[in-house]
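Chemist: So that you have it, the file is final_4.cif, and it contains mmCIF, C-alpha atoms:
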```cif
data_entry
loop_
_atom_site.label_atom_id
_atom_site.label_comp_id
_atom_site.auth_asym_id
_atom_site.auth_seq_id
_atom_site.Cartn_x
_atom_site.Cartn_y
_atom_site.Cartn_z
CA MET A 1 13.81 13.36 -8.23
CA LEU A 2 11.95 16.18 -6.48
CA ALA A 3 12.35 19.54 -8.24
CA ILE A 4 11.46 22.43 -5.92
CA ARG A 5 10.69 25.76 -7.57
CA PHE A 6 11.98 28.69 -5.50
CA ASN A 7 11.56 31.99 -7.35
CA THR A 8 10.90 34.43 -4.53
CA GLU A 9 12.53 36.25 -1.61
CA ILE A 10 14.03 34.37 1.30
CA ASN A 11 11.88 34.94 4.38
CA PRO A 12 10.23 32.85 7.14
CA VAL A 13 7.28 31.90 4.90
CA THR A 14 9.40 30.72 1.96
CA GLN A 15 11.88 29.15 4.37
CA ASP A 16 9.10 26.95 5.79
CA TYR A 17 7.99 26.02 2.26
CA LEU A 18 11.48 25.03 1.10
CA ASN A 19 12.48 23.17 4.24
CA HIS A 20 9.15 21.31 4.22
CA GLN A 21 9.82 20.16 0.66
CA LEU A 22 13.34 19.04 1.60
CA ASP A 23 11.80 17.03 4.44
CA ARG A 24 9.33 15.55 1.95
CA ALA A 25 12.14 14.57 -0.43
CA GLU A 26 14.05 12.89 2.37
CA GLN A 27 11.08 11.10 3.92
CA GLY A 28 9.72 10.13 0.50
CA HIS A 29 13.00 8.37 -0.35
CA TYR A 30 13.71 10.50 -3.42
CA ASP A 31 17.14 9.96 -4.95
CA ALA A 32 17.86 13.70 -4.72
CA ALA A 33 16.23 17.12 -4.35
CA VAL A 34 16.79 19.90 -6.87
CA ILE A 35 16.15 23.52 -5.88
CA LEU A 36 15.32 25.60 -8.96
CA LEU A 37 16.65 28.86 -7.55
CA ASP A 38 15.86 32.42 -8.63
CA THR A 39 16.00 34.88 -5.72
CA PRO A 40 17.10 38.46 -5.00
CA GLY A 41 17.97 37.47 -1.43
CA GLY A 42 16.16 38.16 1.82
CA LEU A 43 16.47 37.73 5.57
CA SER A 44 19.73 36.33 6.95
CA SER A 45 17.91 34.38 9.68
CA SER A 46 15.81 32.51 7.09
CA MET A 47 18.88 32.03 4.88
CA GLU A 48 20.71 30.33 7.73
CA ALA A 49 17.75 28.06 8.47
CA ILE A 50 17.67 26.96 4.83
CA TYR A 51 21.35 26.23 4.33
CA LYS A 52 21.56 24.44 7.67
CA ARG A 53 18.71 22.21 6.50
CA GLU A 54 20.62 21.54 3.27
CA LEU A 55 23.74 20.59 5.19
CA ALA A 56 21.74 18.23 7.41
CA SER A 57 20.04 16.48 4.49
CA LYS A 58 20.39 12.71 4.19
CA ILE A 59 19.97 12.85 0.40
CA PRO A 60 21.92 14.86 -2.21
CA ILE A 61 20.83 18.48 -2.69
CA VAL A 62 21.29 20.08 -6.09
CA VAL A 63 20.83 23.84 -6.57
CA TYR A 64 20.15 24.85 -10.16
CA VAL A 65 20.04 28.61 -10.83
CA ALA A 66 17.34 28.62 -13.48
CA PRO A 67 15.55 29.39 -15.75
CA GLU A 68 17.49 31.64 -18.14
CA GLY A 69 17.69 35.14 -16.70
CA ALA A 70 17.52 33.92 -13.10
CA ALA A 71 19.90 34.96 -10.34
CA ALA A 72 21.19 33.72 -7.00
CA ALA A 73 21.85 37.03 -5.29
CA SER A 74 22.71 38.08 -1.76
CA ALA A 75 21.34 35.45 0.66
CA GLY A 76 20.70 33.18 -2.33
CA VAL A 77 24.46 32.64 -2.73
CA PHE A 78 24.60 30.94 0.68
CA VAL A 79 21.71 28.64 -0.29
CA ALA A 80 23.52 27.84 -3.54
CA GLU A 81 26.96 27.16 -2.04
CA ALA A 82 25.49 24.82 0.60
CA ALA A 83 24.35 22.41 -2.13
CA ASP A 84 26.11 19.15 -2.96
CA VAL A 85 25.97 20.17 -6.63
CA LEU A 86 25.70 23.77 -7.82
CA ALA A 87 24.65 24.40 -11.42
CA MET A 88 23.52 27.37 -13.48
CA ALA A 89 21.52 27.81 -16.65
CA PRO A 90 22.72 30.09 -19.48
CA ASP A 91 22.23 33.85 -19.01
CA THR A 92 22.16 33.66 -15.21
CA ASN A 93 24.32 35.23 -12.53
CA ILE A 94 25.43 34.70 -8.96
CA GLY A 95 26.91 36.93 -6.26
CA SER A 96 26.53 40.34 -4.57
CA SER A 97 26.33 39.08 -1.00
CA THR A 98 27.58 42.18 0.82
CA PRO A 99 25.40 42.87 3.89
CA ILE A 100 23.66 46.25 3.82
CA ASP A 101 21.67 48.29 6.32
CA GLN A 102 17.92 48.84 6.37
CA SER A 103 18.11 51.73 3.89
CA GLY A 104 20.19 49.83 1.35
CA GLY A 105 23.40 51.64 2.29
CA ASN A 106 26.64 50.59 3.94
CA LEU A 107 26.75 49.62 7.58
CA GLY A 108 28.64 51.72 10.12
CA SER A 109 32.37 51.06 10.26
CA ASP A 110 32.54 48.96 13.45
CA LEU A 111 29.37 47.00 12.76
CA ARG A 112 30.35 46.62 9.12
CA ARG A 113 33.62 44.88 10.03
CA LYS A 114 31.87 42.48 12.37
CA VAL A 115 29.04 41.57 10.01
CA ILE A 116 31.16 41.29 6.88
CA ASN A 117 33.83 39.18 8.58
CA HIS A 118 31.10 36.93 9.97
CA PHE A 119 29.37 36.32 6.63
CA ALA A 120 32.61 36.14 4.63
CA ALA A 121 33.84 33.33 6.85
CA LYS A 122 30.50 31.51 6.60
CA LEU A 123 30.39 31.65 2.81
CA ARG A 124 34.06 30.71 2.42
CA THR A 125 33.50 27.66 4.61
CA LEU A 126 30.46 26.57 2.62
CA ALA A 127 32.30 26.92 -0.69
CA GLU A 128 35.56 25.27 0.35
CA ASN A 129 33.86 22.36 2.10
CA HIS A 130 32.07 21.60 -1.16
CA GLY A 131 35.27 21.80 -3.21
CA ARG A 132 34.61 25.27 -4.65
CA ASN A 133 36.41 28.60 -4.78
CA GLY A 134 36.56 30.02 -1.25
CA ASN A 135 38.45 33.15 -2.34
CA TRP A 136 35.62 34.23 -4.63
CA ALA A 137 33.05 33.42 -1.93
CA GLU A 138 34.80 35.91 0.34
CA LEU A 139 34.89 38.52 -2.46
CA ALA A 140 31.12 38.08 -2.95
CA VAL A 141 30.68 39.28 0.62
CA ARG A 142 33.46 41.84 0.91
CA LYS A 143 33.33 43.36 -2.61
CA ALA A 144 29.83 42.33 -3.80
CA SER A 145 31.44 40.34 -6.63
CA ASN A 146 28.96 39.02 -9.17
CA LEU A 147 29.62 36.47 -11.93
CA THR A 148 27.93 35.16 -15.04
CA GLU A 149 27.48 31.42 -15.37
CA ARG A 150 30.59 31.06 -17.60
CA GLN A 151 32.76 33.13 -15.27
CA ALA A 152 31.46 31.12 -12.33
CA LEU A 153 32.34 27.82 -14.01
CA ARG A 154 35.81 29.04 -15.01
CA LEU A 155 36.57 30.19 -11.45
CA ASN A 156 35.23 26.96 -9.89
CA VAL A 157 32.38 28.80 -8.18
CA ILE A 158 29.84 26.35 -9.62
CA ASP A 159 30.09 22.75 -10.77
CA VAL A 160 28.29 22.67 -14.11
CA ILE A 161 26.30 24.64 -16.70
CA ALA A 162 23.21 23.07 -18.25
CA PRO A 163 20.44 24.52 -20.44
CA THR A 164 17.63 22.43 -18.90
CA LEU A 165 17.03 20.31 -15.84
CA PRO A 166 17.01 16.98 -17.78
CA ALA A 167 20.32 17.98 -19.40
CA LEU A 168 21.73 18.79 -15.96
CA LEU A 169 20.67 15.42 -14.56
CA ARG A 170 22.41 13.65 -17.44
CA LYS A 171 25.61 15.67 -16.91
CA ILE A 172 25.90 14.98 -13.19
CA ASP A 173 25.00 11.29 -13.41
CA GLY A 174 27.70 9.24 -11.71
CA ARG A 175 29.28 12.26 -9.98
CA VAL A 176 30.52 11.77 -6.40
CA THR A 177 29.73 14.80 -4.24
CA VAL A 178 31.99 16.65 -1.81
CA PRO A 179 32.08 16.34 1.17
CA ASN A 180 29.26 13.80 1.63
CA HIS A 181 30.50 11.39 -1.08
CA TYR A 182 27.05 10.76 -2.52
CA ARG A 183 27.16 8.98 -5.88
CA LEU A 184 24.45 10.48 -8.07
CA HIS A 185 22.18 8.32 -10.22
CA THR A 186 20.21 10.97 -12.04
CA ALA A 187 20.20 10.05 -15.74
CA ASN A 188 16.64 9.52 -17.00
CA ALA A 189 15.30 10.21 -13.51
CA ARG A 190 11.59 10.84 -13.18
CA ILE A 191 11.12 14.46 -12.13
CA THR A 192 8.35 15.59 -9.77
CA TYR A 193 7.94 19.37 -9.82
CA VAL A 194 6.55 21.25 -6.81
CA LYS A 195 5.87 24.94 -6.29
CA PRO A 196 4.51 27.06 -3.42
CA SER A 197 0.87 26.34 -2.64
CA PHE A 198 -1.81 29.03 -2.82
CA PHE A 199 -1.69 29.38 0.96
CA SER A 200 2.10 29.84 0.94
CA ARG A 201 1.84 32.46 -1.81
CA LEU A 202 -0.92 34.22 0.15
CA LEU A 203 1.17 34.31 3.33
CA ASN A 204 4.15 35.55 1.34
CA THR A 205 1.99 38.37 -0.04
CA LEU A 206 0.71 39.29 3.40
CA ILE A 207 4.20 40.05 4.70
CA ASP A 208 4.64 42.91 2.24
CA PRO A 209 5.48 45.93 4.47
CA ASN A 210 3.22 48.27 2.49
CA LEU A 211 0.30 45.87 2.82
CA ILE A 212 0.99 45.35 6.53
CA THR A 213 0.83 49.11 7.11
CA LEU A 214 -2.46 49.44 5.23
CA LEU A 215 -4.01 46.45 7.02
CA PHE A 216 -2.88 47.76 10.40
CA LEU A 217 -4.52 51.13 9.79
CA ALA A 218 -7.68 49.53 8.37
CA GLY A 219 -7.91 47.24 11.38
CA LEU A 220 -7.63 50.05 13.90
CA ALA A 221 -10.10 52.19 11.92
CA GLY A 222 -12.68 49.38 11.74
CA ILE A 223 -12.43 48.54 15.43
CA GLY A 224 -12.52 52.26 16.34
CA TYR A 225 -15.65 52.76 14.25
CA GLU A 226 -17.32 49.84 16.02
CA ILE A 227 -16.42 51.27 19.43
CA PHE A 228 -17.96 54.66 18.65
CA HIS A 229 -20.92 53.17 16.72
CA PRO A 230 -21.73 49.91 18.54
CA GLY A 231 -24.08 47.51 16.85
CA VAL A 232 -22.95 48.07 13.26
CA VAL A 233 -20.86 44.84 13.54
CA LEU A 234 -19.41 44.65 9.99
CA PRO A 235 -16.70 47.36 10.36
CA GLY A 236 -15.58 45.83 13.65
CA ALA A 237 -15.46 42.30 12.22
CA LEU A 238 -13.53 43.36 9.11
CA GLY A 239 -11.25 45.53 11.24
CA ALA A 240 -10.45 42.58 13.50
CA VAL A 241 -9.57 40.40 10.49
CA ALA A 242 -7.36 43.14 9.03
CA LEU A 243 -5.62 43.74 12.36
CA VAL A 244 -4.92 40.05 12.98
CA THR A 245 -3.58 39.71 9.42
CA ALA A 246 -1.31 42.72 9.96
CA LEU A 247 -0.10 41.26 13.27
CA PHE A 248 0.89 38.09 11.42
CA GLY A 249 3.13 40.15 9.14
CA LEU A 250 4.55 42.05 12.11
CA SER A 251 5.37 38.75 13.80
CA VAL A 252 7.24 37.45 10.73
CA LEU A 253 9.36 40.48 9.82
CA PRO A 254 11.81 42.16 12.21
CA ILE A 255 10.20 45.41 13.34
CA SER A 256 11.17 48.49 15.32
CA TRP A 257 9.03 48.96 18.42
CA ALA A 258 9.80 52.67 18.33
CA GLY A 259 8.27 52.84 14.85
CA LEU A 260 5.14 51.02 16.02
CA ALA A 261 4.84 53.37 19.01
CA LEU A 262 5.08 56.41 16.72
CA ILE A 263 2.29 55.06 14.48
CA LEU A 264 0.02 54.52 17.50
CA LEU A 265 0.92 57.99 18.83
CA GLY A 266 0.00 59.52 15.47
CA LEU A 267 -3.41 57.83 15.49
CA ALA A 268 -3.98 58.92 19.12
CA LEU A 269 -3.24 62.54 18.16
CA PHE A 270 -5.90 62.33 15.42
CA VAL A 271 -8.51 61.27 17.98
CA ILE A 272 -7.45 63.91 20.52
CA ASP A 273 -7.64 66.64 17.88
CA ALA A 274 -11.29 65.71 17.29
CA HIS A 275 -12.11 66.62 20.89
CA VAL A 276 -9.71 69.49 21.61
CA VAL A 277 -9.58 72.83 19.79
CA THR A 278 -6.05 72.98 18.36
CA HIS A 279 -6.85 74.35 14.89
CA GLY A 280 -5.34 71.20 13.30
CA ALA A 281 -1.97 71.33 15.10
CA LEU A 282 -2.39 67.86 16.62
CA THR A 283 -3.48 66.43 13.27
CA VAL A 284 -0.30 67.73 11.60
CA ALA A 285 1.78 66.32 14.45
CA GLY A 286 -0.09 63.01 14.12
CA LEU A 287 0.62 62.81 10.39
CA ILE A 288 4.33 63.45 10.95
CA SER A 289 4.42 60.85 13.71
CA PHE A 290 2.63 58.34 11.48
CA VAL A 291 4.97 58.80 8.48
CA VAL A 292 8.15 58.67 10.58
CA GLY A 293 6.87 55.64 12.48
CA ALA A 294 5.95 53.78 9.29
CA LEU A 295 9.41 54.47 7.85
CA MET A 296 11.07 53.21 11.04
CA LEU A 297 8.78 50.20 11.47
CA PHE A 298 10.79 47.86 9.21
CA ARG A 299 14.19 49.52 9.51
CA ASN A 300 15.68 46.25 10.82
CA ALA A 301 14.57 44.34 7.72
CA PRO A 302 16.67 44.09 4.52
CA ALA A 303 16.02 46.15 1.39
CA PRO A 304 13.11 44.14 -0.13
CA TYR A 305 11.06 44.68 3.04
CA HIS A 306 10.89 48.46 3.34
CA THR A 307 7.79 50.62 3.15
CA ASN A 308 7.39 52.78 0.07
CA MET A 309 7.94 56.50 0.77
CA ALA A 310 5.54 57.62 -1.97
CA LEU A 311 2.82 55.35 -0.58
CA LEU A 312 3.29 56.70 2.94
CA ILE A 313 3.16 60.33 1.82
CA SER A 314 0.07 59.66 -0.30
CA LEU A 315 -1.57 57.85 2.60
CA ALA A 316 -0.74 60.72 4.97
CA ILE A 317 -2.25 63.25 2.53
CA VAL A 318 -5.42 61.17 2.19
CA LEU A 319 -5.70 60.69 5.96
CA GLY A 320 -5.07 64.37 6.62
CA GLY A 321 -7.59 65.46 4.00
CA ALA A 322 -10.26 63.04 5.21
CA TRP A 323 -9.68 64.02 8.84
CA ALA A 324 -9.80 67.74 8.04
CA PHE A 325 -13.03 67.25 6.09
CA GLY A 326 -14.57 65.28 8.96
CA ILE A 327 -13.53 67.81 11.59
CA SER A 328 -14.81 70.75 9.52
CA LYS A 329 -18.18 69.02 9.09
CA ALA A 330 -18.37 68.31 12.83
CA VAL A 331 -17.61 71.96 13.64
CA SER A 332 -20.21 73.21 11.15
CA VAL A 333 -22.82 70.90 12.67
CA ARG A 334 -22.01 72.14 16.17
CA ARG A 335 -22.39 75.76 15.03
CA SER A 336 -25.59 75.22 13.01
CA PRO A 337 -28.98 76.14 14.51
CA VAL A 338 -30.90 73.53 16.45
CA ALA A 339 -32.73 71.33 13.97
CA VAL A 340 -34.98 69.40 16.37
CA GLY A 341 -37.01 70.22 19.49
CA PRO A 342 -39.38 73.04 20.46
CA GLN A 343 -36.78 75.74 19.72
CA THR A 344 -37.18 75.05 16.02
CA MET A 345 -40.62 76.72 16.18
CA VAL A 346 -39.15 80.15 16.89
CA GLY A 347 -40.12 82.37 13.96
CA GLU A 348 -42.90 80.05 12.79
CA VAL A 349 -46.39 81.41 12.07
CA GLY A 350 -49.41 79.83 13.78
CA GLU A 351 -53.08 80.44 14.46
CA TYR A 352 -54.78 81.31 17.76
CA ARG A 353 -57.47 78.73 18.56
CA GLY A 354 -58.76 80.21 21.82
CA ALA A 355 -58.38 79.21 25.47
CA GLY A 356 -54.68 80.23 25.36
CA MET A 357 -53.81 77.68 22.66
CA VAL A 358 -52.14 78.26 19.29
CA PHE A 359 -51.86 75.85 16.38
CA VAL A 360 -48.27 75.65 15.07
CA ASN A 361 -46.77 73.04 12.73
CA GLY A 362 -49.78 70.78 13.10
CA GLU A 363 -49.76 70.86 16.91
CA LEU A 364 -51.57 72.76 19.68
CA TRP A 365 -49.37 74.59 22.16
CA GLN A 366 -50.04 76.73 25.20
CA ALA A 367 -49.14 80.32 24.47
CA ARG A 368 -49.03 83.77 25.97
CA THR A 369 -48.52 87.26 24.61
CA PRO A 370 -46.25 90.01 25.90
CA GLY A 371 -48.13 92.14 28.37
CA GLY A 372 -51.11 89.81 28.30
CA ALA A 373 -52.50 91.24 25.03
CA GLN A 374 -55.77 89.64 23.95
CA LEU A 375 -55.92 87.61 20.73
CA ARG A 376 -58.91 86.95 18.51
CA GLN A 377 -60.04 83.48 17.46
CA GLY A 378 -58.30 82.58 14.20
CA GLU A 379 -55.78 85.41 14.44
CA LYS A 380 -52.35 84.73 12.94
CA VAL A 381 -49.43 84.89 15.36
CA ARG A 382 -45.67 84.50 15.19
CA VAL A 383 -43.65 82.50 17.75
CA ASP A 384 -40.98 84.65 19.39
CA ALA A 385 -39.65 82.25 22.02
CA VAL A 386 -40.22 79.02 23.92
CA ASP A 387 -39.80 79.17 27.69
CA PRO A 388 -38.50 76.26 29.81
CA ALA A 389 -42.08 75.23 30.62
CA LEU A 390 -42.69 74.78 26.86
CA VAL A 391 -45.10 77.73 26.71
CA LEU A 392 -44.84 79.69 23.49
CA GLU A 393 -44.39 83.43 23.57
CA VAL A 394 -46.29 84.80 20.57
CA GLU A 395 -47.27 88.11 19.13
CA PRO A 396 -49.97 88.94 16.63
CA LEU A 397 -48.89 89.44 13.05
CA GLU A 398 -49.46 92.96 11.84
CA PRO A 399 -51.98 93.11 9.05
CA ALA A 400 -50.48 93.32 5.63
CA PRO A 401 -50.36 96.91 4.33
CA VAL A 402 -53.09 97.86 1.88
CA PRO A 403 -51.54 98.67 -1.50
#
```
Mind turning this structure into structure tokens?
Modeler:
Amino acid sequence: MLAIRFNTEINPVTQDYLNHQLDRAEQGHYDAAVILLDTPGGLSSSMEAIYKRELASKIPIVVYVAPEGAAAASAGVFVAEAADVLAMAPDTNIGSSTPIDQSGGNLGSDLRRKVINHFAAKLRTLAENHGRNGNWAELAVRKASNLTERQALRLNVIDVIAPTLPALLRKIDGRVTVPNHYRLHTANARITYVKPSFFSRLLNTLIDPNLITLLFLAGLAGIGYEIFHPGVVLPGALGAVALVTALFGLSVLPISWAGLALILLGLALFVIDAHVVTHGALTVAGLISFVVGALMLFRNAPAPYHTNMALLISLAIVLGGAWAFGISKAVSVRRSPVAVGPQTMVGEVGEYRGAGMVFVNGELWQARTPGGAQLRQGEKVRVDAVDPALVLEVEPLEPAPVP
């Protein structure tokens, strides 16, 4: 008996994990596969891939909503009702499968009718074909009905309640499933537990919308830094890794191309504002474009896969503050006096060494005086200007007044 732990959202990463384990159970000639289910739901496309794999299985599939406190919600109800045997542990619940829009609200009237009728018919078919209550299955979609384990058993939504997996296997031993007519031999079965690998958990973490947004920005920033400061290498390398990782998440979740375009437009406005005098107007426009784009980016994904508004606003404030600080420093540097070159000697005091040469800042320079005034050997002079031929214009220092 292969017991597959599934206590996460339903998405392409977890779909691959679960379907791979169902393949393993079938190819490894296990007597049955048990899915230990605890999920808030997820993507409908991944949900369909999972329950279709259950229906195509050549061995019995048991879904056990466990441990205590677990739930089979939203898309998880479809995974549960596709099983040959559906069981629940005490203090669990099942239901609430009404489709919602990207913001967590109701769909528009016309689209709502289409989507709800579609999913209500799917779930009713799954339930009735497995000898369960099709009327409640339709209510789970249309009215977001949700049941405890005892209510579910009384209404024939599930097949059995069991406190533990070994107890469940003893209860269902000898049962003949509907519609596949599998006779279960599960009493005293040896149980092999499996859970998502480290790599699967890592990939599941990397498709968090908030993390994708941060990685995308970090990737563009690192690559941009490398472009403007070639040869540093590390920022460009780390930026490339971050960008590729973000692109993986963008390839897994459904995204809005308009949202992605707005994010790129916002970043472009930041760069333009660094080269054009707009007194920060383009930076403000860029921040607005970035926040709106990030909010729109995952608008086609269900509720668990939305970016956090507080995070986006905080990120926009940090970006705006950092950009304003950087621009102000750049402007102050541009307006500051020249710090290198011959012009820095203007105002310096030197000493006349004869033959038209003065000693200034440890160096000998050709010099001349206004009107061709004669200087004495060792006389102190002040540099007034440097002409294009790098000849210093100097004048003698007036002797200090006698007190």
Chemist: If you apply the PyMOL selection byres ((chain A and resi 206) around 12) to this file, what residues do you get, as a ChimeraX atom specification?
Modeler: /A:13,199-205,207-216,242-253,305
Chemist: Between A:Leu312, A:Ala221, A:Val383, A:Leu18, which residue has the minimum interatomic distance to Phe6 (chain A), considering all atoms listed in the file?
Modeler: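 Checking each of A:Leu312, A:Ala221, A:Val383, A:Leu18 against Phe6 (chain A), counting all atoms listed in the file, the winner is A:Leu18.
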Chemist: Can you list, as a PDB file with C-alpha atoms, keeping the file's coordinate frame, the residues that the PyMOL selection byres ((chain A and resi 3) around 9) selects here?
Modeler:
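What follows is the written file expr36.pdb:
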```pdb
ATOM      1  CA  MET A   1      13.810  13.360  -8.230  1.00  0.00           C
ATOM      2  CA  LEU A   2      11.950  16.180  -6.480  1.00  0.00           C
ATOM      3  CA  ILE A   4      11.460  22.430  -5.920  1.00  0.00           C
ATOM      4  CA  ARG A   5      10.690  25.760  -7.570  1.00  0.00           C
ATOM      5  CA  ALA A  32      17.860  13.700  -4.720  1.00  0.00           C
ATOM      6  CA  ALA A  33      16.230  17.120  -4.350  1.00  0.00           C
ATOM      7  CA  VAL A  34      16.790  19.900  -6.870  1.00  0.00           C
ATOM      8  CA  ILE A  35      16.150  23.520  -5.880  1.00  0.00           C
ATOM      9  CA  LEU A  36      15.320  25.600  -8.960  1.00  0.00           C
ATOM     10  CA  LEU A 165      17.030  20.310 -15.840  1.00  0.00           C
ATOM     11  CA  ILE A 191      11.120  14.460 -12.130  1.00  0.00           C
ATOM     12  CA  THR A 192       8.350  15.590  -9.770  1.00  0.00           C
ATOM     13  CA  TYR A 193       7.940  19.370  -9.820  1.00  0.00           C
ATOM     14  CA  VAL A 194       6.550  21.250  -6.810  1.00  0.00           C
ATOM     15  CA  LYS A 195       5.870  24.940  -6.290  1.00  0.00           C
TER      16      LYS A 195
END
```
Chemist: Give me the residues near region 291-303 of chain A as a VMD selection string, where near means some atom within 10 Å (using only C-alpha atoms) and where sequence neighbours in that chain fewer than 3 positions away do not count.
Modeler: chain A and resid 41 to 44 99 to 105 209 to 210 213 250 253 to 266 286 to 288 306 to 309 311 to 313 315 to 316
Chemist: How many Å lie between CA of Leu238 (chain A) and CA of Leu217 (chain A), rounded to one decimal?
Modeler: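 The value is 11.9 Å.
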Chemist: Contacts of Phe119 (chain A) at 9 Å or less, counting all atoms listed in the file, minus same-chain residues fewer than 5 places along, as a list in words?
Modeler: Ser97, Thr98, Pro99, Lys114, Arg124, Glu138, Val141 and Arg142 of chain A
